[in-house]
There are 2 protein chains.
Amino acid sequence: MDIETPQDAANHAVMLAFGRLQGAANRLEYLLGRALEQECGITHLEFEVLLILARAGEPGMSMRAISQEQVLTTGGATRVIDRLEREGLVARTQHPTDKRGRLAKLTPKGAETLVHAANVHLENIKRHFLAPLPEGHRERFAEDLKLLSHAARDALPPLK
Amino acid sequence: MDIETPQDAANHAVMLAFGRLQGAANRLEYLLGRALEQECGITHLEFEVLLILARAGEPGMSMRAISQEQVLTTGGATRVIDRLEREGLVARTQHPTDKRGRLAKLTPKGAETLVHAANVHLENIKRHFLAPLPEGHRERFAEDLKLLSHAARDALPPLK
DNA sequence: AGGGGAAATTTGCACGCGCACGGGCACCCG
DNA sequence: CGGGTGCCCGTGCGCGTGCAAATTTCCCCT
């Protein structure tokens, strides 16, 4: 037991650092998410999913695979893809060999929307994510983020 | 315009880095949040609010001030404090001079819960947040997080 | 070949939060 | 000193997501 009083907790450097990770991520998500919604008509989550589908390329991706790229249950993935499909940004196809599975892939309209949104998003990332960091810190910061993100992925059991 | 194809977007280093910030934060929040819920009976947000109240100390904090420490509307703050009050972890008092305002402060039970939760949380932070980072990177990483968090706070207009 | 357990997706339910509005109060200006 | 403007808090509504059950299909073992 390291922490014995509320003040110990309140001023703990490590806990503060973790709080700032959450704080930075939450504020940036809100800030940049609003911009995407207003200028492109998609939420930040939907943008990230389009990005994932762009990486996946041709055969498409299963609901489960999508859910594991984000912090989502398969049910959550179903509904995100539902919305994107309704908007015509994504198309579902049957899995070629497994009739249980369905694959989601970008439509041309989805690709177009993604490109537009990415330019909007990138501008905001530069302003709010890159600019505050000292020039010489950015590369190592990104590298550490990668380590953290991968470690967290490995530690997180697949959501139902 | 920098990005012209979905592939440009999918492989853009800066966008990838931002995605990893979100990914790491979301996964860690889920992972550590579940632990807090199961072992301490409070959500991660509730924990962060207890921490904020511990820092605030005696007079207490207004709903608005709480909402601005997190990414919350005042309505959201009202409801978080409602739950914490129902659990006996927080007490509301009238603002001494302004009859519109109410102040929330930790109860002894809240302080006790906070200390317990902080120890649980800290253990998980060490394992999932500190451990994946190389020894020599941690200090600068925390420093950069602080820069980012503060910049984002300054850029984010107060939520209604 | 048949059967049972596992897997992929979808869906009803519950819950938390942003949003926007309403009531009450403070402050300032005339 | 009175009225208007604006702030603080609380609440109804809508939406998105986790959770868990149900359905369909697959796959392995006997």
# chains A, B, ... in the order shown; residues from 1 in each chain; ligands from 1
>>> calpha_fit_and_write(fixed="chain A", moving="chain B", output="compact mmCIF listing (two decimals) with N, CA and C atoms, in the first residue's frame")
# COMPACT_ATOMS: atom_id res chain seq x y z
N MET B 1 0.93 -1.17 0.01
CA MET B 1 0.06 0.02 -0.03
C MET B 1 0.89 1.29 0.00
N ASP B 2 0.76 2.05 -1.00
CA ASP B 2 1.59 3.21 -1.20
C ASP B 2 0.84 4.48 -0.83
N ILE B 3 -0.45 4.46 -1.11
CA ILE B 3 -1.28 5.65 -0.94
C ILE B 3 -2.12 5.49 0.32
N GLU B 4 -2.01 6.44 1.22
CA GLU B 4 -2.72 6.29 2.49
C GLU B 4 -3.73 7.39 2.79
N THR B 5 -3.60 8.52 2.10
CA THR B 5 -4.57 9.60 2.31
C THR B 5 -5.08 10.10 0.96
N PRO B 6 -6.23 10.75 0.97
CA PRO B 6 -6.74 11.34 -0.28
C PRO B 6 -5.72 12.28 -0.91
N GLN B 7 -4.94 12.95 -0.10
CA GLN B 7 -3.94 13.87 -0.64
C GLN B 7 -2.83 13.12 -1.35
N ASP B 8 -2.45 11.98 -0.81
CA ASP B 8 -1.48 11.15 -1.51
C ASP B 8 -1.99 10.83 -2.91
N ALA B 9 -3.27 10.48 -2.98
CA ALA B 9 -3.86 10.13 -4.27
C ALA B 9 -3.92 11.34 -5.19
N ALA B 10 -4.36 12.46 -4.62
CA ALA B 10 -4.60 13.66 -5.43
C ALA B 10 -3.32 14.17 -6.08
N ASN B 11 -2.19 13.97 -5.42
CA ASN B 11 -0.95 14.56 -5.93
C ASN B 11 0.03 13.53 -6.47
N HIS B 12 -0.40 12.34 -6.62
CA HIS B 12 0.50 11.29 -7.08
C HIS B 12 0.90 11.51 -8.54
N ALA B 13 2.20 11.61 -8.78
CA ALA B 13 2.67 11.98 -10.12
C ALA B 13 2.25 10.98 -11.18
N VAL B 14 2.33 9.72 -10.86
CA VAL B 14 2.00 8.71 -11.86
C VAL B 14 0.51 8.73 -12.18
N MET B 15 -0.30 8.87 -11.15
CA MET B 15 -1.74 8.93 -11.37
C MET B 15 -2.11 10.18 -12.15
N LEU B 16 -1.42 11.25 -11.87
CA LEU B 16 -1.64 12.50 -12.60
C LEU B 16 -1.32 12.31 -14.07
N ALA B 17 -0.23 11.61 -14.34
CA ALA B 17 0.17 11.38 -15.74
C ALA B 17 -0.88 10.56 -16.47
N PHE B 18 -1.39 9.54 -15.81
CA PHE B 18 -2.43 8.72 -16.44
C PHE B 18 -3.69 9.54 -16.67
N GLY B 19 -4.03 10.35 -15.70
CA GLY B 19 -5.19 11.23 -15.85
C GLY B 19 -5.03 12.17 -17.04
N ARG B 20 -3.81 12.58 -17.26
CA ARG B 20 -3.58 13.49 -18.39
C ARG B 20 -3.68 12.79 -19.72
N LEU B 21 -3.29 11.52 -19.74
CA LEU B 21 -3.51 10.74 -20.97
C LEU B 21 -5.00 10.70 -21.29
N GLN B 22 -5.79 10.39 -20.28
CA GLN B 22 -7.23 10.35 -20.48
C GLN B 22 -7.77 11.72 -20.84
N GLY B 23 -7.31 12.72 -20.11
CA GLY B 23 -7.79 14.07 -20.34
C GLY B 23 -7.48 14.55 -21.74
N ALA B 24 -6.24 14.35 -22.17
CA ALA B 24 -5.86 14.79 -23.51
C ALA B 24 -6.68 14.04 -24.54
N ALA B 25 -6.79 12.74 -24.38
CA ALA B 25 -7.52 11.94 -25.37
C ALA B 25 -8.99 12.35 -25.41
N ASN B 26 -9.60 12.52 -24.26
CA ASN B 26 -11.02 12.87 -24.23
C ASN B 26 -11.29 14.24 -24.83
N ARG B 27 -10.46 15.19 -24.46
CA ARG B 27 -10.67 16.55 -24.98
C ARG B 27 -10.44 16.59 -26.48
N LEU B 28 -9.36 15.94 -26.92
CA LEU B 28 -9.08 15.95 -28.35
C LEU B 28 -10.15 15.20 -29.12
N GLU B 29 -10.64 14.12 -28.56
CA GLU B 29 -11.71 13.40 -29.23
C GLU B 29 -12.94 14.28 -29.37
N TYR B 30 -13.27 14.97 -28.32
CA TYR B 30 -14.44 15.85 -28.37
C TYR B 30 -14.23 16.95 -29.41
N LEU B 31 -13.06 17.58 -29.31
CA LEU B 31 -12.76 18.73 -30.17
C LEU B 31 -12.74 18.32 -31.64
N LEU B 32 -11.95 17.32 -31.96
CA LEU B 32 -11.83 16.91 -33.36
C LEU B 32 -13.07 16.16 -33.83
N GLY B 33 -13.72 15.48 -32.89
CA GLY B 33 -14.94 14.76 -33.25
C GLY B 33 -16.04 15.71 -33.69
N ARG B 34 -16.21 16.77 -32.95
CA ARG B 34 -17.21 17.78 -33.32
C ARG B 34 -16.93 18.33 -34.71
N ALA B 35 -15.66 18.58 -35.00
CA ALA B 35 -15.31 19.12 -36.31
C ALA B 35 -15.70 18.14 -37.41
N LEU B 36 -15.42 16.87 -37.20
CA LEU B 36 -15.78 15.87 -38.21
C LEU B 36 -17.29 15.80 -38.41
N GLU B 37 -18.02 15.86 -37.30
CA GLU B 37 -19.48 15.78 -37.40
C GLU B 37 -20.04 16.95 -38.19
N GLN B 38 -19.54 18.13 -37.86
CA GLN B 38 -20.12 19.32 -38.47
C GLN B 38 -19.67 19.50 -39.91
N GLU B 39 -18.42 19.16 -40.21
CA GLU B 39 -17.92 19.42 -41.56
C GLU B 39 -18.06 18.22 -42.49
N CYS B 40 -18.19 17.02 -41.93
CA CYS B 40 -18.22 15.84 -42.78
C CYS B 40 -19.41 14.94 -42.53
N GLY B 41 -20.17 15.19 -41.49
CA GLY B 41 -21.36 14.39 -41.23
C GLY B 41 -21.08 13.00 -40.71
N ILE B 42 -19.88 12.75 -40.19
CA ILE B 42 -19.60 11.45 -39.57
C ILE B 42 -18.99 11.66 -38.19
N THR B 43 -19.21 10.70 -37.31
CA THR B 43 -18.62 10.79 -35.97
C THR B 43 -17.16 10.37 -36.04
N HIS B 44 -16.45 10.63 -34.94
CA HIS B 44 -15.05 10.23 -34.91
C HIS B 44 -14.91 8.71 -35.00
N LEU B 45 -15.79 8.00 -34.32
CA LEU B 45 -15.74 6.54 -34.40
C LEU B 45 -15.97 6.07 -35.83
N GLU B 46 -16.95 6.66 -36.49
CA GLU B 46 -17.23 6.28 -37.88
C GLU B 46 -16.02 6.56 -38.75
N PHE B 47 -15.37 7.69 -38.51
CA PHE B 47 -14.16 8.00 -39.26
C PHE B 47 -13.09 6.94 -39.05
N GLU B 48 -12.87 6.56 -37.82
CA GLU B 48 -11.84 5.56 -37.53
C GLU B 48 -12.17 4.23 -38.21
N VAL B 49 -13.45 3.91 -38.26
CA VAL B 49 -13.85 2.66 -38.91
C VAL B 49 -13.61 2.74 -40.42
N LEU B 50 -13.92 3.87 -41.00
CA LEU B 50 -13.63 4.03 -42.44
C LEU B 50 -12.13 3.85 -42.69
N LEU B 51 -11.34 4.41 -41.80
CA LEU B 51 -9.88 4.30 -41.92
C LEU B 51 -9.45 2.83 -41.84
N ILE B 52 -10.04 2.12 -40.93
CA ILE B 52 -9.72 0.70 -40.77
C ILE B 52 -10.08 -0.08 -42.03
N LEU B 53 -11.24 0.25 -42.58
CA LEU B 53 -11.68 -0.45 -43.79
C LEU B 53 -10.78 -0.11 -44.97
N ALA B 54 -10.28 1.12 -44.98
CA ALA B 54 -9.35 1.51 -46.05
C ALA B 54 -8.07 0.70 -45.96
N ARG B 55 -7.62 0.44 -44.74
CA ARG B 55 -6.41 -0.36 -44.57
C ARG B 55 -6.67 -1.81 -44.97
N ALA B 56 -7.86 -2.29 -44.68
CA ALA B 56 -8.17 -3.69 -44.92
C ALA B 56 -8.19 -4.01 -46.41
N GLY B 57 -8.69 -3.09 -47.22
CA GLY B 57 -8.70 -3.30 -48.65
C GLY B 57 -9.75 -4.28 -49.12
N GLU B 58 -9.44 -5.05 -50.11
CA GLU B 58 -10.48 -5.64 -50.93
C GLU B 58 -11.42 -6.67 -50.33
N PRO B 59 -10.93 -7.73 -49.72
CA PRO B 59 -11.98 -8.70 -49.39
C PRO B 59 -13.00 -8.07 -48.47
N GLY B 60 -12.55 -7.16 -47.61
CA GLY B 60 -13.43 -6.57 -46.60
C GLY B 60 -13.06 -7.12 -45.24
N MET B 61 -13.82 -6.70 -44.23
CA MET B 61 -13.50 -7.08 -42.86
C MET B 61 -14.74 -7.57 -42.14
N SER B 62 -14.55 -8.55 -41.29
CA SER B 62 -15.67 -9.07 -40.50
C SER B 62 -16.00 -8.12 -39.36
N MET B 63 -17.20 -8.23 -38.84
CA MET B 63 -17.61 -7.42 -37.69
C MET B 63 -16.65 -7.61 -36.53
N ARG B 64 -16.29 -8.85 -36.31
CA ARG B 64 -15.41 -9.14 -35.18
C ARG B 64 -14.06 -8.46 -35.33
N ALA B 65 -13.50 -8.55 -36.54
CA ALA B 65 -12.20 -7.94 -36.78
C ALA B 65 -12.27 -6.43 -36.56
N ILE B 66 -13.36 -5.82 -37.02
CA ILE B 66 -13.54 -4.38 -36.82
C ILE B 66 -13.62 -4.07 -35.34
N SER B 67 -14.41 -4.87 -34.64
CA SER B 67 -14.61 -4.60 -33.21
C SER B 67 -13.29 -4.66 -32.45
N GLN B 68 -12.38 -5.51 -32.93
CA GLN B 68 -11.12 -5.65 -32.21
C GLN B 68 -10.12 -4.55 -32.53
N GLU B 69 -10.35 -3.85 -33.62
CA GLU B 69 -9.49 -2.71 -33.93
C GLU B 69 -9.82 -1.51 -33.05
N GLN B 70 -11.09 -1.45 -32.68
CA GLN B 70 -11.52 -0.39 -31.76
C GLN B 70 -11.88 -1.07 -30.45
N VAL B 71 -12.29 -0.29 -29.49
CA VAL B 71 -12.80 -0.88 -28.26
C VAL B 71 -14.31 -0.99 -28.44
N LEU B 72 -14.72 -2.11 -29.02
CA LEU B 72 -16.13 -2.28 -29.39
C LEU B 72 -16.50 -3.75 -29.21
N THR B 73 -17.76 -3.99 -28.88
CA THR B 73 -18.27 -5.36 -28.94
C THR B 73 -18.68 -5.63 -30.39
N THR B 74 -18.96 -6.88 -30.70
CA THR B 74 -19.39 -7.17 -32.07
C THR B 74 -20.74 -6.51 -32.33
N GLY B 75 -21.54 -6.44 -31.30
CA GLY B 75 -22.82 -5.74 -31.43
C GLY B 75 -22.62 -4.28 -31.79
N GLY B 76 -21.66 -3.67 -31.16
CA GLY B 76 -21.33 -2.28 -31.46
C GLY B 76 -20.87 -2.11 -32.89
N ALA B 77 -20.04 -3.04 -33.34
CA ALA B 77 -19.56 -2.99 -34.72
C ALA B 77 -20.72 -3.12 -35.70
N THR B 78 -21.62 -4.04 -35.41
CA THR B 78 -22.80 -4.21 -36.26
C THR B 78 -23.52 -2.89 -36.46
N ARG B 79 -23.70 -2.17 -35.35
CA ARG B 79 -24.49 -0.93 -35.46
C ARG B 79 -23.74 0.20 -36.13
N VAL B 80 -22.43 0.27 -35.93
CA VAL B 80 -21.65 1.30 -36.64
C VAL B 80 -21.73 1.04 -38.14
N ILE B 81 -21.54 -0.22 -38.51
CA ILE B 81 -21.61 -0.56 -39.94
C ILE B 81 -23.02 -0.36 -40.48
N ASP B 82 -24.03 -0.64 -39.67
CA ASP B 82 -25.41 -0.35 -40.07
C ASP B 82 -25.54 1.11 -40.48
N ARG B 83 -25.06 1.99 -39.62
CA ARG B 83 -25.20 3.43 -39.92
C ARG B 83 -24.43 3.80 -41.19
N LEU B 84 -23.20 3.31 -41.27
CA LEU B 84 -22.38 3.65 -42.44
C LEU B 84 -23.00 3.08 -43.72
N GLU B 85 -23.61 1.93 -43.60
CA GLU B 85 -24.26 1.33 -44.76
C GLU B 85 -25.48 2.15 -45.17
N ARG B 86 -26.24 2.59 -44.18
CA ARG B 86 -27.41 3.42 -44.48
C ARG B 86 -27.01 4.70 -45.21
N GLU B 87 -25.83 5.21 -44.84
CA GLU B 87 -25.34 6.43 -45.48
C GLU B 87 -24.68 6.15 -46.84
N GLY B 88 -24.54 4.87 -47.16
CA GLY B 88 -23.93 4.52 -48.44
C GLY B 88 -22.41 4.58 -48.45
N LEU B 89 -21.80 4.60 -47.27
CA LEU B 89 -20.34 4.73 -47.21
C LEU B 89 -19.64 3.37 -47.16
N VAL B 90 -20.42 2.35 -46.85
CA VAL B 90 -19.88 1.01 -46.65
C VAL B 90 -20.86 0.02 -47.26
N ALA B 91 -20.35 -1.07 -47.78
CA ALA B 91 -21.22 -2.13 -48.31
C ALA B 91 -20.89 -3.44 -47.61
N ARG B 92 -21.94 -4.23 -47.36
CA ARG B 92 -21.75 -5.54 -46.75
C ARG B 92 -21.84 -6.61 -47.83
N THR B 93 -20.95 -7.59 -47.75
CA THR B 93 -21.07 -8.75 -48.64
C THR B 93 -21.02 -10.00 -47.78
N GLN B 94 -21.53 -11.08 -48.34
CA GLN B 94 -21.42 -12.35 -47.62
C GLN B 94 -19.99 -12.83 -47.66
N HIS B 95 -19.55 -13.43 -46.60
CA HIS B 95 -18.24 -14.05 -46.60
C HIS B 95 -18.25 -15.16 -47.66
N PRO B 96 -17.21 -15.23 -48.47
CA PRO B 96 -17.23 -16.17 -49.61
C PRO B 96 -17.41 -17.63 -49.20
N THR B 97 -16.77 -18.03 -48.10
CA THR B 97 -16.85 -19.46 -47.74
C THR B 97 -17.63 -19.72 -46.46
N ASP B 98 -17.68 -18.74 -45.58
CA ASP B 98 -18.34 -18.94 -44.28
C ASP B 98 -19.67 -18.20 -44.25
N LYS B 99 -20.74 -18.91 -44.28
CA LYS B 99 -22.05 -18.25 -44.38
C LYS B 99 -22.44 -17.50 -43.12
N ARG B 100 -21.72 -17.74 -42.01
CA ARG B 100 -22.02 -16.96 -40.80
C ARG B 100 -21.51 -15.54 -40.94
N GLY B 101 -20.41 -15.40 -41.65
CA GLY B 101 -19.70 -14.12 -41.65
C GLY B 101 -20.16 -13.18 -42.75
N ARG B 102 -20.05 -11.90 -42.47
CA ARG B 102 -20.30 -10.88 -43.48
C ARG B 102 -19.11 -9.94 -43.48
N LEU B 103 -18.78 -9.43 -44.65
CA LEU B 103 -17.62 -8.56 -44.76
C LEU B 103 -18.06 -7.15 -45.11
N ALA B 104 -17.46 -6.19 -44.46
CA ALA B 104 -17.76 -4.78 -44.75
C ALA B 104 -16.60 -4.19 -45.54
N LYS B 105 -16.92 -3.44 -46.58
CA LYS B 105 -15.86 -2.74 -47.31
C LYS B 105 -16.34 -1.36 -47.74
N LEU B 106 -15.37 -0.50 -47.99
CA LEU B 106 -15.66 0.87 -48.41
C LEU B 106 -16.34 0.91 -49.78
N THR B 107 -17.33 1.78 -49.92
CA THR B 107 -17.87 2.08 -51.25
C THR B 107 -17.08 3.25 -51.82
N PRO B 108 -17.24 3.55 -53.09
CA PRO B 108 -16.60 4.74 -53.66
C PRO B 108 -16.98 6.01 -52.89
N LYS B 109 -18.26 6.11 -52.53
CA LYS B 109 -18.68 7.28 -51.76
C LYS B 109 -18.00 7.31 -50.40
N GLY B 110 -17.83 6.12 -49.81
CA GLY B 110 -17.14 6.04 -48.53
C GLY B 110 -15.69 6.47 -48.66
N ALA B 111 -15.05 6.06 -49.75
CA ALA B 111 -13.65 6.43 -49.97
C ALA B 111 -13.52 7.94 -50.14
N GLU B 112 -14.48 8.49 -50.85
CA GLU B 112 -14.48 9.93 -51.09
C GLU B 112 -14.67 10.70 -49.78
N THR B 113 -15.64 10.26 -49.01
CA THR B 113 -15.90 10.89 -47.71
C THR B 113 -14.67 10.78 -46.81
N LEU B 114 -14.05 9.62 -46.84
CA LEU B 114 -12.87 9.39 -46.01
C LEU B 114 -11.76 10.38 -46.37
N VAL B 115 -11.53 10.56 -47.66
CA VAL B 115 -10.46 11.47 -48.08
C VAL B 115 -10.74 12.90 -47.61
N HIS B 116 -11.98 13.31 -47.79
CA HIS B 116 -12.33 14.65 -47.33
C HIS B 116 -12.16 14.79 -45.83
N ALA B 117 -12.71 13.83 -45.11
CA ALA B 117 -12.65 13.87 -43.65
C ALA B 117 -11.20 13.83 -43.16
N ALA B 118 -10.39 13.04 -43.84
CA ALA B 118 -8.99 12.90 -43.42
C ALA B 118 -8.27 14.23 -43.52
N ASN B 119 -8.57 14.98 -44.55
CA ASN B 119 -7.92 16.29 -44.69
C ASN B 119 -8.36 17.25 -43.60
N VAL B 120 -9.64 17.24 -43.31
CA VAL B 120 -10.15 18.07 -42.21
C VAL B 120 -9.49 17.65 -40.89
N HIS B 121 -9.50 16.36 -40.66
CA HIS B 121 -8.97 15.80 -39.42
C HIS B 121 -7.48 16.11 -39.28
N LEU B 122 -6.76 15.92 -40.34
CA LEU B 122 -5.31 16.10 -40.28
C LEU B 122 -4.95 17.53 -39.90
N GLU B 123 -5.70 18.44 -40.46
CA GLU B 123 -5.46 19.85 -40.14
C GLU B 123 -5.61 20.08 -38.64
N ASN B 124 -6.65 19.50 -38.07
CA ASN B 124 -6.91 19.65 -36.64
C ASN B 124 -5.89 18.91 -35.79
N ILE B 125 -5.44 17.77 -36.29
CA ILE B 125 -4.41 17.02 -35.57
C ILE B 125 -3.13 17.85 -35.50
N LYS B 126 -2.79 18.46 -36.60
CA LYS B 126 -1.58 19.28 -36.61
C LYS B 126 -1.69 20.41 -35.60
N ARG B 127 -2.84 21.02 -35.58
CA ARG B 127 -3.02 22.17 -34.69
C ARG B 127 -3.07 21.78 -33.22
N HIS B 128 -3.80 20.73 -32.92
CA HIS B 128 -4.07 20.44 -31.50
C HIS B 128 -3.23 19.32 -30.91
N PHE B 129 -2.63 18.51 -31.77
CA PHE B 129 -1.88 17.35 -31.28
C PHE B 129 -0.39 17.53 -31.51
N LEU B 130 -0.03 18.00 -32.71
CA LEU B 130 1.38 18.16 -33.03
C LEU B 130 1.93 19.48 -32.50
N ALA B 131 1.21 20.54 -32.75
CA ALA B 131 1.73 21.87 -32.42
C ALA B 131 2.13 22.04 -30.95
N PRO B 132 1.35 21.51 -29.99
CA PRO B 132 1.72 21.73 -28.59
C PRO B 132 3.00 21.01 -28.17
N LEU B 133 3.44 20.03 -28.93
CA LEU B 133 4.64 19.27 -28.56
C LEU B 133 5.88 19.92 -29.15
N PRO B 134 6.95 19.98 -28.37
CA PRO B 134 8.20 20.54 -28.90
C PRO B 134 8.63 19.74 -30.13
N GLU B 135 9.13 20.43 -31.10
CA GLU B 135 9.60 19.83 -32.35
C GLU B 135 10.34 18.50 -32.13
N GLY B 136 11.33 18.53 -31.27
CA GLY B 136 12.18 17.35 -31.10
C GLY B 136 11.55 16.20 -30.34
N HIS B 137 10.37 16.42 -29.76
CA HIS B 137 9.74 15.37 -28.97
C HIS B 137 8.80 14.49 -29.77
N ARG B 138 8.38 14.98 -30.91
CA ARG B 138 7.22 14.36 -31.58
C ARG B 138 7.46 12.93 -32.01
N GLU B 139 8.63 12.69 -32.55
CA GLU B 139 8.89 11.35 -33.06
C GLU B 139 8.89 10.32 -31.93
N ARG B 140 9.60 10.64 -30.86
CA ARG B 140 9.66 9.69 -29.76
C ARG B 140 8.32 9.54 -29.08
N PHE B 141 7.57 10.64 -29.03
CA PHE B 141 6.24 10.57 -28.43
C PHE B 141 5.35 9.60 -29.22
N ALA B 142 5.41 9.71 -30.53
CA ALA B 142 4.62 8.81 -31.38
C ALA B 142 5.05 7.36 -31.19
N GLU B 143 6.32 7.19 -31.04
CA GLU B 143 6.86 5.84 -30.83
C GLU B 143 6.35 5.25 -29.52
N ASP B 144 6.38 6.05 -28.47
CA ASP B 144 5.90 5.59 -27.17
C ASP B 144 4.41 5.29 -27.20
N LEU B 145 3.68 6.11 -27.93
CA LEU B 145 2.24 5.88 -28.08
C LEU B 145 2.00 4.53 -28.74
N LYS B 146 2.84 4.21 -29.69
CA LYS B 146 2.70 2.93 -30.39
C LYS B 146 2.94 1.77 -29.42
N LEU B 147 3.97 1.90 -28.61
CA LEU B 147 4.24 0.87 -27.60
C LEU B 147 3.05 0.68 -26.68
N LEU B 148 2.54 1.81 -26.21
CA LEU B 148 1.45 1.78 -25.26
C LEU B 148 0.20 1.17 -25.87
N SER B 149 -0.09 1.60 -27.07
CA SER B 149 -1.28 1.13 -27.76
C SER B 149 -1.21 -0.38 -28.00
N HIS B 150 -0.05 -0.85 -28.41
CA HIS B 150 0.10 -2.28 -28.66
C HIS B 150 0.03 -3.09 -27.38
N ALA B 151 0.67 -2.58 -26.34
CA ALA B 151 0.63 -3.28 -25.05
C ALA B 151 -0.80 -3.38 -24.55
N ALA B 152 -1.54 -2.29 -24.69
CA ALA B 152 -2.92 -2.29 -24.21
C ALA B 152 -3.77 -3.26 -25.03
N ARG B 153 -3.49 -3.32 -26.31
CA ARG B 153 -4.23 -4.25 -27.15
C ARG B 153 -3.98 -5.68 -26.70
N ASP B 154 -2.74 -5.97 -26.40
CA ASP B 154 -2.42 -7.34 -25.99
C ASP B 154 -3.04 -7.68 -24.64
N ALA B 155 -3.17 -6.67 -23.80
CA ALA B 155 -3.69 -6.93 -22.45
C ALA B 155 -5.21 -7.01 -22.42
N LEU B 156 -5.86 -6.44 -23.43
CA LEU B 156 -7.31 -6.36 -23.41
C LEU B 156 -7.93 -7.61 -24.03
N PRO B 157 -8.70 -8.35 -23.25
CA PRO B 157 -9.35 -9.52 -23.83
C PRO B 157 -10.41 -9.05 -24.83
N PRO B 158 -10.67 -9.83 -25.86
CA PRO B 158 -11.66 -9.43 -26.86
C PRO B 158 -13.01 -9.18 -26.20
N LEU B 159 -13.65 -8.10 -26.54
CA LEU B 159 -14.97 -7.81 -25.98
C LEU B 159 -15.97 -8.77 -26.61
N LYS B 160 -16.95 -9.12 -25.80
CA LYS B 160 -17.98 -10.03 -26.31
C LYS B 160 -18.64 -9.48 -27.57
>>> select_by_dssp(residues="range 54-92 of chain B", states="helix (DSSP H, G or I)", output="number ranges by chain")
B: 54-56, 63-69, 74-86
>>> atom_distance(atom1="C1' of DT11 in chain C", atom2="C1' of DC19 in chain D")
11.5 Å
>>> closest_atom_pairs(of="chain C", to="chain A", cutoff="12 Å", atoms="only C-alpha atoms (C1' of nucleotides)", output="tab-separated table")
residue	atom	partner	partner_atom	distance
C:DA7	C1'	A:Arg100	CA	8.5
C:DA8	C1'	A:Arg100	CA	5.3
C:DT9	C1'	A:Arg100	CA	7.1
C:DT10	C1'	A:Gly75	CA	7.1
C:DT11	C1'	A:Gly75	CA	8.5
C:DG12	C1'	A:Gly75	CA	12.0
C:DG18	C1'	A:Tyr30	CA	11.0
>>> atom_distance(atom1="C1' of DG2 in chain D", atom2="C1' of DC25 in chain C")
15.5 Å
>>> select_by_dssp(residues="chain B", states="strand (DSSP E or B)", output="JSON list (two decimals) with N, CA and C atoms, in the first residue's frame")
[["chain", "number", "residue", "atom", "x", "y", "z"],
["B", 61, "MET", "N", -16.52, 21.97, -4.43],
["B", 61, "MET", "CA", -16.43, 22.42, -5.82],
["B", 61, "MET", "C", -17.81, 22.51, -6.43],
["B", 62, "SER", "N", -17.98, 23.50, -7.29],
["B", 62, "SER", "CA", -19.26, 23.67, -7.98],
["B", 62, "SER", "C", -19.39, 22.65, -9.10],
["B", 90, "VAL", "N", -19.97, 11.42, -1.43],
["B", 90, "VAL", "CA", -19.85, 12.85, -1.65],
["B", 90, "VAL", "C", -21.03, 13.53, -0.95],
["B", 91, "ALA", "N", -20.82, 14.73, -0.46],
["B", 91, "ALA", "CA", -21.92, 15.49, 0.14],
["B", 91, "ALA", "C", -22.05, 16.83, -0.55],
["B", 92, "ARG", "N", -23.30, 17.27, -0.71],
["B", 92, "ARG", "CA", -23.54, 18.58, -1.32],
["B", 92, "ARG", "C", -23.85, 19.59, -0.22],
["B", 93, "THR", "N", -23.31, 20.78, -0.36],
["B", 93, "THR", "CA", -23.68, 21.87, 0.55],
["B", 93, "THR", "C", -24.07, 23.07, -0.29],
["B", 94, "GLN", "N", -24.83, 23.96, 0.32],
["B", 94, "GLN", "CA", -25.15, 25.20, -0.39],
["B", 94, "GLN", "C", -23.91, 26.08, -0.46],
["B", 102, "ARG", "N", -24.11, 25.11, -5.65],
["B", 102, "ARG", "CA", -23.97, 24.07, -4.62],
["B", 102, "ARG", "C", -22.56, 23.53, -4.73],
["B", 103, "LEU", "N", -22.01, 23.14, -3.59],
["B", 103, "LEU", "CA", -20.64, 22.65, -3.59],
["B", 103, "LEU", "C", -20.62, 21.17, -3.22],
["B", 104, "ALA", "N", -19.82, 20.42, -3.93],
["B", 104, "ALA", "CA", -19.67, 19.00, -3.63],
["B", 104, "ALA", "C", -18.33, 18.78, -2.95],
["B", 105, "LYS", "N", -18.34, 17.97, -1.89],
["B", 105, "LYS", "CA", -17.07, 17.62, -1.26],
["B", 105, "LYS", "C", -17.08, 16.17, -0.81],
["B", 106, "LEU", "N", -15.90, 15.63, -0.65],
["B", 106, "LEU", "CA", -15.73, 14.25, -0.22],
["B", 106, "LEU", "C", -16.27, 14.02, 1.20]]
>>> atom_distance(atom1="C1' of DG10 in chain D", atom2="C1' of DG16 in chain C")
16.1 Å
>>> closest_atom_pairs(of="chain D", to="chain B", cutoff="9 Å", atoms="only C-alpha atoms (C1' of nucleotides)", output="tab-separated table")
residue	atom	partner	partner_atom	distance
D:DC7	C1'	B:Arg100	CA	8.7
D:DC8	C1'	B:Arg100	CA	5.4
D:DC9	C1'	B:Arg100	CA	7.1
D:DG10	C1'	B:Gly75	CA	7.1
D:DT11	C1'	B:Gly75	CA	8.5
